[in-house]
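Engineer: Pasting structure_18.csv below, which is CSV, C-alpha atoms and all ligand atoms.
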chain,number,residue,atom,x,y,z
S,1,LEU,CA,-9.6,-52.7,94.2
S,2,SER,CA,-11.4,-49.7,95.7
S,3,THR,CA,-10.4,-46.1,95.5
S,4,LEU,CA,-10.7,-43.0,97.6
S,5,PRO,CA,-11.0,-39.5,96.2
S,6,SER,CA,-7.9,-37.3,95.9
S,7,GLU,CA,-8.6,-35.2,99.0
S,8,SER,CA,-8.3,-38.3,101.1
S,9,GLY,CA,-4.8,-39.0,100.0
S,10,TRP,CA,-2.0,-38.0,102.3
S,11,LEU,CA,0.0,-36.4,99.6
S,12,SER,CA,-3.1,-35.3,97.6
S,13,LYS,CA,-2.9,-38.4,95.5
S,14,LYS,CA,-5.7,-40.8,94.9
S,15,LEU,CA,-5.4,-43.9,97.2
S,16,TYR,CA,-6.2,-47.4,96.2
S,17,LYS,CA,-7.2,-50.3,98.4
S,18,TYR,CA,-5.5,-53.5,97.3
S,19,GLN,CA,-5.6,-56.7,99.3
S,20,GLY,CA,-7.0,-54.8,102.2
S,21,PHE,CA,-4.3,-52.0,102.3
S,22,TRP,CA,-4.0,-48.5,101.0
S,23,HIS,CA,-1.5,-47.4,98.3
S,24,ASN,CA,-0.9,-44.5,96.0
S,25,ALA,CA,-0.7,-45.3,92.3
S,26,ARG,CA,3.1,-45.4,92.1
S,27,GLN,CA,3.3,-47.7,95.0
S,28,LEU,CA,0.6,-50.0,93.8
S,29,GLN,CA,2.3,-50.5,90.5
S,30,GLY,CA,5.5,-51.4,92.4
S,31,VAL,CA,3.6,-53.8,94.6
S,32,ILE,CA,2.1,-55.6,91.7
S,33,SER,CA,5.4,-55.8,89.7
S,34,CYS,CA,7.1,-57.1,92.8
S,35,GLN,CA,4.5,-59.8,93.3
S,36,LYS,CA,4.9,-60.8,89.7
S,37,TYR,CA,8.6,-60.7,89.2
S,38,PHE,CA,10.7,-60.8,92.4
S,39,GLN,CA,12.7,-64.0,92.8
S,40,PRO,CA,14.1,-64.4,96.2
S,41,GLN,CA,17.3,-66.2,97.0
S,42,ASP,CA,17.4,-68.3,100.2
S,43,THR,CA,20.2,-66.1,101.6
S,44,ASP,CA,18.2,-62.8,101.1
S,45,ILE,CA,17.4,-60.6,104.0
S,46,LEU,CA,14.3,-58.5,103.9
S,47,LEU,CA,13.6,-55.6,106.2
S,48,VAL,CA,9.9,-55.1,106.5
S,49,THR,CA,8.4,-52.0,108.2
S,50,THR,CA,5.4,-49.8,108.3
S,51,PRO,CA,6.4,-46.2,107.2
S,52,LYS,CA,8.0,-44.2,109.9
S,53,SER,CA,8.8,-47.0,112.3
S,54,GLY,CA,12.6,-46.5,112.0
S,55,THR,CA,13.3,-48.1,108.6
S,56,THR,CA,16.2,-45.8,107.9
S,57,TRP,CA,17.9,-46.7,111.1
S,58,LEU,CA,17.4,-50.5,110.7
S,59,LYS,CA,18.6,-50.3,107.1
S,60,ALA,CA,21.8,-48.7,108.4
S,61,ILE,CA,22.2,-51.3,111.1
S,62,LEU,CA,21.5,-54.3,108.9
S,63,PHE,CA,23.8,-53.0,106.2
S,64,SER,CA,26.7,-52.5,108.6
S,65,LEU,CA,26.0,-55.9,110.3
S,66,VAL,CA,26.0,-58.1,107.2
S,67,ASN,CA,28.9,-56.1,105.6
S,68,ARG,CA,31.1,-55.9,108.6
S,69,THR,CA,33.9,-58.1,107.2
S,70,HIS,CA,34.4,-55.7,104.3
S,71,PHE,CA,33.6,-52.5,106.1
S,72,LYS,CA,34.7,-52.0,109.7
S,73,PRO,CA,32.4,-49.5,111.4
S,74,THR,CA,35.3,-47.4,112.6
S,75,LYS,CA,36.9,-47.0,109.2
S,76,GLY,CA,36.6,-43.6,107.5
S,77,ASP,CA,35.6,-45.2,104.1
S,78,HIS,CA,32.5,-46.9,105.5
S,79,PRO,CA,29.7,-46.6,102.8
S,80,LEU,CA,27.2,-45.3,105.5
S,81,LEU,CA,29.3,-42.1,105.8
S,82,THR,CA,28.7,-41.1,102.2
S,83,ASN,CA,25.4,-42.8,101.3
S,84,ASN,CA,21.9,-42.6,102.6
S,85,PRO,CA,20.7,-46.0,104.0
S,86,HIS,CA,17.9,-45.9,101.4
S,87,THR,CA,20.5,-46.0,98.6
S,88,LEU,CA,22.4,-48.9,100.2
S,89,VAL,CA,19.3,-51.0,101.0
S,90,PRO,CA,16.6,-50.3,98.4
S,91,PHE,CA,12.9,-50.7,98.7
S,92,LEU,CA,11.6,-53.5,96.5
S,93,GLU,CA,8.3,-51.9,95.5
S,94,LEU,CA,9.3,-48.2,95.8
S,95,LYS,CA,12.7,-48.4,94.1
S,96,LEU,CA,13.5,-51.6,92.2
S,97,TYR,CA,10.1,-52.6,90.8
S,98,ILE,CA,8.7,-49.2,89.9
S,99,ASP,CA,8.4,-48.9,86.1
S,100,GLY,CA,6.9,-52.3,85.3
S,101,GLN,CA,10.2,-53.7,84.3
S,102,THR,CA,12.3,-56.3,86.1
S,103,PRO,CA,15.4,-54.7,87.6
S,104,ASP,CA,18.8,-56.2,87.1
S,105,LEU,CA,19.8,-57.4,90.5
S,106,SER,CA,23.0,-59.1,89.4
S,107,SER,CA,25.2,-56.5,91.1
S,108,PHE,CA,23.8,-57.4,94.6
S,109,ALA,CA,26.3,-59.6,96.5
S,110,SER,CA,24.9,-62.3,98.7
S,111,PRO,CA,23.4,-61.9,101.2
S,112,ARG,CA,21.2,-59.5,99.3
S,113,LEU,CA,19.6,-56.9,101.6
S,114,PHE,CA,16.3,-55.4,100.5
S,115,SER,CA,13.5,-53.6,102.3
S,116,THR,CA,9.7,-53.3,101.8
S,117,HIS,CA,6.6,-51.9,103.4
S,118,LEU,CA,4.5,-54.7,101.8
S,119,PRO,CA,1.8,-56.1,104.1
S,120,TYR,CA,2.2,-59.8,104.7
S,121,VAL,CA,-0.8,-60.7,102.5
S,122,SER,CA,0.9,-58.9,99.6
S,123,LEU,CA,4.3,-60.4,99.9
S,124,PRO,CA,5.2,-62.4,96.8
S,125,LYS,CA,4.4,-66.0,97.5
S,126,SER,CA,8.0,-66.9,96.5
S,127,ILE,CA,9.2,-65.0,99.6
S,128,GLN,CA,6.9,-66.9,101.9
S,129,ASP,CA,8.1,-70.2,100.3
S,130,SER,CA,11.8,-69.5,100.2
S,131,LYS,CA,14.3,-69.7,103.1
S,132,CYS,CA,15.0,-66.0,103.0
S,133,LYS,CA,14.8,-64.2,106.4
S,134,LEU,CA,12.5,-61.3,107.3
S,135,VAL,CA,13.2,-58.7,110.0
S,136,TYR,CA,10.0,-56.8,110.9
S,137,LEU,CA,10.4,-53.5,112.7
S,138,CYS,CA,7.4,-51.8,114.2
S,139,ARG,CA,6.9,-48.8,116.6
S,140,ASN,CA,4.4,-47.4,119.0
S,141,PRO,CA,1.5,-46.2,116.7
S,142,LYS,CA,1.4,-42.8,118.5
S,143,ASP,CA,5.0,-42.0,117.5
S,144,ILE,CA,4.5,-43.5,114.0
S,145,PHE,CA,1.5,-41.2,113.6
S,146,ILE,CA,3.4,-38.0,114.6
S,147,SER,CA,6.4,-39.0,112.5
S,148,LEU,CA,4.2,-39.7,109.5
S,149,TRP,CA,2.3,-36.4,109.9
S,150,ALA,CA,5.5,-34.4,110.1
S,151,PHE,CA,7.1,-36.3,107.2
S,152,THR,CA,4.2,-35.9,104.8
S,153,ASN,CA,3.9,-32.2,105.7
S,154,LYS,CA,7.6,-31.8,105.0
S,155,LEU,CA,7.2,-33.4,101.6
S,156,ARG,CA,3.9,-31.5,100.8
S,157,LEU,CA,5.1,-28.2,102.1
S,158,GLN,CA,6.2,-26.4,98.9
S,159,GLU,CA,3.7,-27.9,96.5
S,160,MET,CA,0.5,-28.2,98.4
S,161,GLY,CA,0.7,-26.7,101.9
S,162,THR,CA,0.4,-28.7,105.1
S,163,ASN,CA,-2.3,-31.0,106.5
S,164,SER,CA,-3.6,-30.3,109.9
S,165,ILE,CA,-2.9,-32.8,112.6
S,166,GLU,CA,-6.7,-33.4,113.1
S,167,GLN,CA,-7.3,-34.1,109.4
S,168,VAL,CA,-4.5,-36.6,109.3
S,169,PHE,CA,-5.3,-38.2,112.6
S,170,GLU,CA,-8.9,-38.9,111.5
S,171,LYS,CA,-7.7,-40.8,108.4
S,172,PHE,CA,-5.0,-42.7,110.4
S,173,CYS,CA,-7.6,-43.9,112.8
S,174,GLU,CA,-9.8,-45.0,110.0
S,175,GLY,CA,-6.9,-47.0,108.7
S,176,VAL,CA,-6.3,-44.7,105.7
S,177,SER,CA,-2.6,-44.1,105.4
S,178,LEU,CA,0.0,-45.4,103.1
S,179,TYR,CA,0.2,-49.2,103.7
S,180,GLY,CA,-2.5,-48.8,106.4
S,181,PRO,CA,-4.4,-49.9,108.3
S,182,PHE,CA,-1.3,-49.9,110.5
S,183,TRP,CA,-2.7,-52.4,113.0
S,184,ASP,CA,-3.4,-55.0,110.3
S,185,HIS,CA,0.1,-54.6,109.0
S,186,MET,CA,1.7,-55.1,112.4
S,187,LEU,CA,-0.6,-57.9,113.4
S,188,SER,CA,-0.2,-60.1,110.4
S,189,TYR,CA,3.6,-60.1,110.8
S,190,TRP,CA,3.4,-60.5,114.5
S,191,ASN,CA,1.2,-63.6,114.1
S,192,GLU,CA,3.4,-65.0,111.4
S,193,SER,CA,6.5,-64.5,113.5
S,194,LEU,CA,4.9,-66.5,116.4
S,195,LYS,CA,4.2,-69.3,113.9
S,196,ASN,CA,7.6,-69.2,112.3
S,197,PRO,CA,10.2,-67.5,114.5
S,198,ASP,CA,13.1,-68.8,112.4
S,199,LYS,CA,11.8,-66.9,109.4
S,200,ILE,CA,10.5,-63.7,110.9
S,201,TYR,CA,12.2,-61.7,113.6
S,202,PHE,CA,9.8,-59.2,115.1
S,203,LEU,CA,11.4,-56.2,116.8
S,204,THR,CA,10.2,-52.8,118.0
S,205,TYR,CA,11.8,-49.4,117.7
S,206,GLU,CA,11.4,-48.9,121.5
S,207,GLU,CA,13.2,-52.2,122.3
S,208,MET,CA,16.0,-51.3,120.0
S,209,LYS,CA,16.3,-47.8,121.6
S,210,GLU,CA,16.3,-49.2,125.1
S,211,GLN,CA,18.8,-52.1,124.7
S,212,PRO,CA,20.5,-51.6,121.3
S,213,ASN,CA,23.5,-53.7,122.1
S,214,LEU,CA,21.4,-56.7,123.2
S,215,HIS,CA,19.1,-56.5,120.2
S,216,LEU,CA,21.8,-56.0,117.7
S,217,ARG,CA,23.5,-59.2,118.9
S,218,LYS,CA,20.1,-61.0,118.8
S,219,LEU,CA,19.6,-59.8,115.2
S,220,ALA,CA,23.1,-61.1,114.3
S,221,ASP,CA,22.2,-64.5,115.8
S,222,PHE,CA,18.9,-64.6,114.0
S,223,LEU,CA,20.6,-63.8,110.6
S,224,GLY,CA,23.2,-66.5,111.1
S,225,CYS,CA,26.1,-64.1,111.5
S,226,PRO,CA,26.6,-63.9,115.3
S,227,PHE,CA,29.3,-61.7,116.7
S,228,SER,CA,32.4,-63.6,117.8
S,229,THR,CA,33.7,-63.2,121.3
S,230,LYS,CA,36.6,-61.3,119.9
S,231,GLU,CA,34.3,-58.9,118.0
S,232,VAL,CA,32.3,-58.2,121.2
S,233,GLU,CA,35.5,-57.7,123.2
S,234,GLU,CA,36.8,-55.3,120.7
S,235,GLY,CA,33.7,-53.2,120.9
S,236,MET,CA,32.4,-54.0,117.4
S,237,VAL,CA,28.7,-54.0,118.4
S,238,ASP,CA,28.9,-50.5,120.0
S,239,ASP,CA,31.0,-49.2,117.1
S,240,MET,CA,28.2,-50.3,114.7
S,241,LEU,CA,25.6,-48.6,116.9
S,242,ASP,CA,27.6,-45.4,117.0
S,243,ILE,CA,27.9,-45.2,113.2
S,244,CYS,CA,24.2,-45.8,112.9
S,245,SER,CA,23.1,-43.5,115.7
S,246,PHE,CA,20.7,-40.7,115.0
S,247,ASP,CA,23.3,-38.1,116.0
S,248,ASN,CA,25.9,-39.4,113.7
S,249,MET,CA,23.7,-40.1,110.7
S,250,SER,CA,21.6,-37.0,110.8
S,251,ASN,CA,24.8,-34.8,110.9
S,252,LEU,CA,26.4,-36.4,107.8
S,253,LYS,CA,26.7,-34.2,104.8
S,254,VAL,CA,24.9,-36.8,102.6
S,255,ASN,CA,21.9,-36.9,104.9
S,256,LYS,CA,21.8,-33.1,105.5
S,257,GLU,CA,22.1,-32.0,101.9
S,258,GLY,CA,21.5,-35.0,99.7
S,259,LYS,CA,18.4,-36.2,97.8
S,260,LEU,CA,17.1,-39.6,96.8
S,261,PRO,CA,16.6,-40.2,93.1
S,262,SER,CA,12.9,-40.1,93.7
S,263,GLY,CA,13.3,-36.4,94.9
S,264,GLU,CA,12.9,-36.7,98.6
S,265,SER,CA,15.5,-34.8,100.7
S,266,ASN,CA,17.5,-37.2,102.8
S,267,ASN,CA,17.0,-35.0,105.8
S,268,ALA,CA,13.3,-35.8,105.7
S,269,PHE,CA,14.1,-39.2,107.2
S,270,PHE,CA,15.7,-37.7,110.3
S,271,ARG,CA,13.5,-35.6,112.6
S,272,ASN,CA,14.4,-36.3,116.2
S,273,GLY,CA,14.5,-40.0,116.6
S,274,LYS,CA,13.0,-40.1,120.1
S,275,VAL,CA,10.6,-42.4,121.9
S,276,GLY,CA,7.4,-40.7,123.2
S,277,ASP,CA,7.5,-37.4,121.2
S,278,TRP,CA,3.7,-37.9,120.6
S,279,LYS,CA,3.3,-36.4,124.1
S,280,ASN,CA,4.2,-33.0,122.6
S,281,TYR,CA,1.5,-33.1,120.0
S,282,LEU,CA,-1.5,-35.4,120.8
S,283,THR,CA,-4.5,-34.2,122.9
S,284,MET,CA,-5.9,-36.4,125.6
S,285,GLU,CA,-8.8,-37.3,123.3
S,286,MET,CA,-6.5,-38.3,120.6
S,287,VAL,CA,-4.4,-40.5,122.9
S,288,GLU,CA,-7.6,-42.2,124.2
S,289,ARG,CA,-8.9,-42.8,120.8
S,290,LEU,CA,-5.7,-44.3,119.5
S,291,GLU,CA,-5.2,-46.4,122.6
S,292,LYS,CA,-8.7,-47.7,122.3
S,293,ILE,CA,-8.2,-48.7,118.7
S,294,CYS,CA,-5.0,-50.5,119.6
S,295,GLU,CA,-6.6,-52.3,122.5
S,296,GLU,CA,-9.5,-53.5,120.3
S,297,LYS,CA,-7.4,-54.5,117.4
S,298,LEU,CA,-4.6,-56.1,119.2
S,299,VAL,CA,-6.7,-57.9,121.9
S,300,GLY,CA,-5.6,-61.4,122.5
S,301,SER,CA,-2.6,-61.1,120.2
S,302,GLY,CA,0.0,-60.6,123.0
S,303,LEU,CA,1.3,-57.5,121.1
S,304,LYS,CA,1.2,-54.4,123.2
S,305,PHE,CA,2.6,-50.8,123.1
S,401,LIG,P1,10.8,-39.3,114.2
S,401,LIG,O1,10.0,-38.6,113.1
S,401,LIG,O2,10.0,-39.7,115.4
S,401,LIG,O3,12.0,-38.5,114.6
S,401,LIG,P2,11.4,-44.3,108.7
S,401,LIG,O4,12.9,-44.5,108.6
S,401,LIG,O5,10.7,-45.6,108.8
S,401,LIG,O6,10.9,-43.4,107.7
S,401,LIG,O7,11.2,-43.7,110.1
S,401,LIG,C1,11.7,-42.4,110.4
S,401,LIG,C2,11.8,-42.2,111.9
S,401,LIG,O8,13.0,-42.9,112.3
S,401,LIG,C3,11.9,-40.7,112.3
S,401,LIG,O9,11.3,-40.7,113.6
S,401,LIG,C4,13.4,-40.6,112.3
S,401,LIG,O10,13.9,-39.5,113.0
S,401,LIG,C5,13.8,-41.9,113.0
S,401,LIG,N1,15.2,-42.2,112.7
S,401,LIG,C6,15.9,-42.0,111.5
S,401,LIG,N2,17.2,-42.4,111.7
S,401,LIG,C7,17.3,-42.8,113.0
S,401,LIG,C8,18.4,-43.3,113.7
S,401,LIG,N3,19.6,-43.5,113.2
S,401,LIG,N4,18.2,-43.7,115.0
S,401,LIG,C9,17.0,-43.6,115.6
S,401,LIG,N5,15.9,-43.1,114.9
S,401,LIG,C10,16.1,-42.7,113.6
Take the structure in this file and express it as structure tokens.

Structural biologist:
Amino acid sequence: LSTLPSESGWLSKKLYKYQGFWHNARQLQGVISCQKYFQPQDTDILLVTTPKSGTTWLKAILFSLVNRTHFKPTKGDHPLLTNNPHTLVPFLELKLYIDGQTPDLSSFASPRLFSTHLPYVSLPKSIQDSKCKLVYLCRNPKDIFISLWAFTNKLRLQEMGTNSIEQVFEKFCEGVSLYGPFWDHMLSYWNESLKNPDKIYFLTYEEMKEQPNLHLRKLADFLGCPFSTKEVEEGMVDDMLDICSFDNMSNLKVNKEGKLPSGESNNAFFRNGKVGDWKNYLTMEMVERLEKICEEKLVGSGLKF
């Protein structure tokens, strides 16, 4: 376990390197508790992401997908209309396993849906050994970076003031960000998904944006709950995408005004939800540097952005 001084932390908190990845203290406690105590069930579904790759969106999509027989996406009482996706699909290490105690998960109906930012190396061995399924969502690192910079500044704003883009960029490129280095995070899941495609479904934010209907149907197939012909004909896939769309979700009262128990405003998870917004912020030098890192780190992997 190595540490970095507080000024290196994105939220002015000390960062710790554990199993090759950076965490703040709260997060690290959760990671270790989760590794010790989480017991997966074979029917569990785990959404894995690096921060800011579209977790909130995929949580909403997976929730509506696996609960579609109870909650029709067109019904006015759908839980997504009054709950933030992070409440419906909790993070293992950031929500359930935070205070060193084992949470009571008995109220979760099967298939249980959880999410995590854990790197593959830190996943509890029991997850790797069980039949539970993993959906890994990643995103173009340039957009992840901008989203992360904007998000942390929004959270820091009142307490500590903002970080400049240059400051944060430097750290990001050095691999110092929460759950970073981002390239190691992505690559480990990418490689595992190639070895074990029935267990890990690897998806990008960009693919999902470009062909949401196709990818939602593929996700349903992977999770063993394919859409029936009748559901497709009745427009169920598009209805689900509509309720989970950025426009719909970001305009809901719960997401405009609500807060998570951990204190973050729900609206911090909705900025503009676009592909390629990095073009409005990054200089040519920054773009070249990040592209060079990705080229070097991802070479030979088949993973490209
Ligand atoms: P931007 O900051 O680029 O807008 P995460 O959920 O992993 O924290 O990622 C947040 C990013 O996903 C933000 O990206 C946010 O706007 C975007 N996002 C949130 N909800 C979304 C939705 N329903 N559809 C598309 N993107 C969404």

Engineer: What is the atom C4 of ligand LIG 401 (chain S) to CA of Asn272 (chain S) distance in Å?

Structural biologist: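 Straight-line distance from atom C4 of ligand LIG 401 (chain S) to CA of Asn272 (chain S) works out to 5.9 Å.
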
Engineer: Would you list the residues near (14.5, -42.7, 97.1), meaning any protein, DNA or RNA residue with an atom at most 10 Å from that point in file coordinates, counting all atoms listed in the file, as a PyMOL selection string?

Structural biologist: chain S and resi 84-87+90-91+94-95+259-266

Engineer: With all atoms listed in the file as the counted atoms, please give the residues lying no more than 12 Å from Glu207 (chain S), apart from itself and same-chain residues fewer than 4 positions off, as a PyMOL selection string.

Structural biologist: chain S and resi 54+137-140+202-203+211-216+218+275+305

Engineer: Produce a table with one row for each residue of chain S that has an atom at most 8 Å from any atom of ligand LIG 401 (chain S), each row naming the nearest atom pair and its distance in Å at one decimal; use only C-alpha atoms and all ligand atoms; arrange rows by chain and rising residue number; format as JSON lines.

Structural biologist:
{"residue": "S:Thr49", "atom": "CA", "partner": "S:LIG401", "partner_atom": "O5", "distance": 6.8}
{"residue": "S:Thr50", "atom": "CA", "partner": "S:LIG401", "partner_atom": "O5", "distance": 6.8}
{"residue": "S:Pro51", "atom": "CA", "partner": "S:LIG401", "partner_atom": "O5", "distance": 4.6}
{"residue": "S:Lys52", "atom": "CA", "partner": "S:LIG401", "partner_atom": "O5", "distance": 3.2}
{"residue": "S:Ser53", "atom": "CA", "partner": "S:LIG401", "partner_atom": "O5", "distance": 4.2}
{"residue": "S:Gly54", "atom": "CA", "partner": "S:LIG401", "partner_atom": "O8", "distance": 3.6}
{"residue": "S:Thr55", "atom": "CA", "partner": "S:LIG401", "partner_atom": "O5", "distance": 3.6}
{"residue": "S:Thr56", "atom": "CA", "partner": "S:LIG401", "partner_atom": "O4", "distance": 3.6}
{"residue": "S:Trp57", "atom": "CA", "partner": "S:LIG401", "partner_atom": "N3", "distance": 4.2}
{"residue": "S:Leu58", "atom": "CA", "partner": "S:LIG401", "partner_atom": "N3", "distance": 7.8}
{"residue": "S:Ala60", "atom": "CA", "partner": "S:LIG401", "partner_atom": "N3", "distance": 7.4}
{"residue": "S:Asp143", "atom": "CA", "partner": "S:LIG401", "partner_atom": "O2", "distance": 5.9}
{"residue": "S:Ile144", "atom": "CA", "partner": "S:LIG401", "partner_atom": "O2", "distance": 6.8}
{"residue": "S:Ile146", "atom": "CA", "partner": "S:LIG401", "partner_atom": "O1", "distance": 6.8}
{"residue": "S:Ser147", "atom": "CA", "partner": "S:LIG401", "partner_atom": "O1", "distance": 3.7}
{"residue": "S:Leu148", "atom": "CA", "partner": "S:LIG401", "partner_atom": "O1", "distance": 6.9}
{"residue": "S:Ala150", "atom": "CA", "partner": "S:LIG401", "partner_atom": "O1", "distance": 6.8}
{"residue": "S:Phe151", "atom": "CA", "partner": "S:LIG401", "partner_atom": "O1", "distance": 7.0}
{"residue": "S:Lys209", "atom": "CA", "partner": "S:LIG401", "partner_atom": "C9", "distance": 7.4}
{"residue": "S:Cys244", "atom": "CA", "partner": "S:LIG401", "partner_atom": "N3", "distance": 5.2}
{"residue": "S:Ser245", "atom": "CA", "partner": "S:LIG401", "partner_atom": "N3", "distance": 4.3}
{"residue": "S:Phe246", "atom": "CA", "partner": "S:LIG401", "partner_atom": "N3", "distance": 3.5}
{"residue": "S:Asp247", "atom": "CA", "partner": "S:LIG401", "partner_atom": "N3", "distance": 7.1}
{"residue": "S:Asn248", "atom": "CA", "partner": "S:LIG401", "partner_atom": "N3", "distance": 7.5}
{"residue": "S:Met249", "atom": "CA", "partner": "S:LIG401", "partner_atom": "N3", "distance": 5.9}
{"residue": "S:Ser250", "atom": "CA", "partner": "S:LIG401", "partner_atom": "N2", "distance": 7.0}
{"residue": "S:Phe269", "atom": "CA", "partner": "S:LIG401", "partner_atom": "C1", "distance": 5.1}
{"residue": "S:Phe270", "atom": "CA", "partner": "S:LIG401", "partner_atom": "O10", "distance": 3.7}
{"residue": "S:Arg271", "atom": "CA", "partner": "S:LIG401", "partner_atom": "O3", "distance": 3.8}
{"residue": "S:Asn272", "atom": "CA", "partner": "S:LIG401", "partner_atom": "O3", "distance": 3.6}
{"residue": "S:Gly273", "atom": "CA", "partner": "S:LIG401", "partner_atom": "O3", "distance": 3.5}
{"residue": "S:Lys274", "atom": "CA", "partner": "S:LIG401", "partner_atom": "O2", "distance": 5.6}
{"residue": "S:Val275", "atom": "CA", "partner": "S:LIG401", "partner_atom": "O2", "distance": 7.1}
{"residue": "S:Asp277", "atom": "CA", "partner": "S:LIG401", "partner_atom": "O2", "distance": 6.7}

Engineer: Take the point (18.8, -69.3, 98.2) as written in the file and pick out every residue within 12 Å of it, counting only C-alpha atoms; give the list as a list in words.

Structural biologist: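 The residues that fall inside the cut-off are Gln39, Pro40, Gln41, Asp42, Thr43, Asp44, Ile45, Ser110, Pro111, Arg112, Ser126, Ile127, Asp129, Ser130, Lys131, Cys132 and Lys133 of chain S.
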
Engineer: Since we have the selection now, will you write its residues out, keeping C-alpha atoms, as an mmCIF file, in the frame of the given file?

Structural biologist:
data_model
loop_
_atom_site.group_PDB
_atom_site.id
_atom_site.type_symbol
_atom_site.label_atom_id
_atom_site.label_comp_id
_atom_site.auth_asym_id
_atom_site.auth_seq_id
_atom_site.Cartn_x
_atom_site.Cartn_y
_atom_site.Cartn_z
ATOM 1 C CA GLN S 39 12.700 -64.000 92.800
ATOM 2 C CA PRO S 40 14.100 -64.400 96.200
ATOM 3 C CA GLN S 41 17.300 -66.200 97.000
ATOM 4 C CA ASP S 42 17.400 -68.300 100.200
ATOM 5 C CA THR S 43 20.200 -66.100 101.600
ATOM 6 C CA ASP S 44 18.200 -62.800 101.100
ATOM 7 C CA ILE S 45 17.400 -60.600 104.000
ATOM 8 C CA SER S 110 24.900 -62.300 98.700
ATOM 9 C CA PRO S 111 23.400 -61.900 101.200
ATOM 10 C CA ARG S 112 21.200 -59.500 99.300
ATOM 11 C CA SER S 126 8.000 -66.900 96.500
ATOM 12 C CA ILE S 127 9.200 -65.000 99.600
ATOM 13 C CA ASP S 129 8.100 -70.200 100.300
ATOM 14 C CA SER S 130 11.800 -69.500 100.200
ATOM 15 C CA LYS S 131 14.300 -69.700 103.100
ATOM 16 C CA CYS S 132 15.000 -66.000 103.000
ATOM 17 C CA LYS S 133 14.800 -64.200 106.400
#

Engineer: Figure out the distance between CA of Val121 (chain S) and CA of Asp198 (chain S), please, to one decimal in Å.

Structural biologist: 18.9 Å

Engineer: So, with only C-alpha atoms as the atoms that count, which of S:Leu15, S:Met284, S:Met208, S:Val89 lies closest to Ser177 (chain S)?

Structural biologist: S:Leu15

Engineer: Output region 123-136 of chain S as a compact mmCIF listing (two decimals), in the frame of the given file, making sure N, CA and C atoms are there.

Structural biologist:
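Now in part00.txt:
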# COMPACT_ATOMS: atom_id res chain seq x y z
N LEU S 123 2.94 -59.96 100.23
CA LEU S 123 4.30 -60.40 99.90
C LEU S 123 4.26 -61.44 98.82
N PRO S 124 5.20 -61.37 97.87
CA PRO S 124 5.20 -62.40 96.80
C PRO S 124 5.24 -63.77 97.49
N LYS S 125 4.46 -64.68 96.95
CA LYS S 125 4.40 -66.00 97.50
C LYS S 125 5.78 -66.66 97.56
N SER S 126 6.60 -66.30 96.57
CA SER S 126 8.00 -66.90 96.50
C SER S 126 8.76 -66.52 97.76
N ILE S 127 8.49 -65.35 98.35
CA ILE S 127 9.20 -65.00 99.60
C ILE S 127 8.76 -65.87 100.72
N GLN S 128 7.45 -66.05 100.79
CA GLN S 128 6.90 -66.90 101.90
C GLN S 128 7.45 -68.32 101.74
N ASP S 129 7.63 -68.79 100.50
CA ASP S 129 8.10 -70.20 100.30
C ASP S 129 9.57 -70.37 100.41
N SER S 130 10.35 -69.29 100.24
CA SER S 130 11.80 -69.50 100.20
C SER S 130 12.36 -69.47 101.65
N LYS S 131 13.65 -69.70 101.76
CA LYS S 131 14.30 -69.70 103.10
C LYS S 131 14.77 -68.34 103.51
N CYS S 132 14.51 -67.33 102.69
CA CYS S 132 15.00 -66.00 103.00
C CYS S 132 14.46 -65.53 104.37
N LYS S 133 15.18 -64.62 105.02
CA LYS S 133 14.80 -64.20 106.40
C LYS S 133 14.16 -62.81 106.35
N LEU S 134 13.19 -62.60 107.22
CA LEU S 134 12.50 -61.30 107.30
C LEU S 134 12.74 -60.70 108.70
N VAL S 135 13.07 -59.42 108.70
CA VAL S 135 13.20 -58.70 110.00
C VAL S 135 12.03 -57.67 109.94
N TYR S 136 11.10 -57.76 110.89
CA TYR S 136 10.00 -56.80 110.90
C TYR S 136 10.19 -55.83 112.06
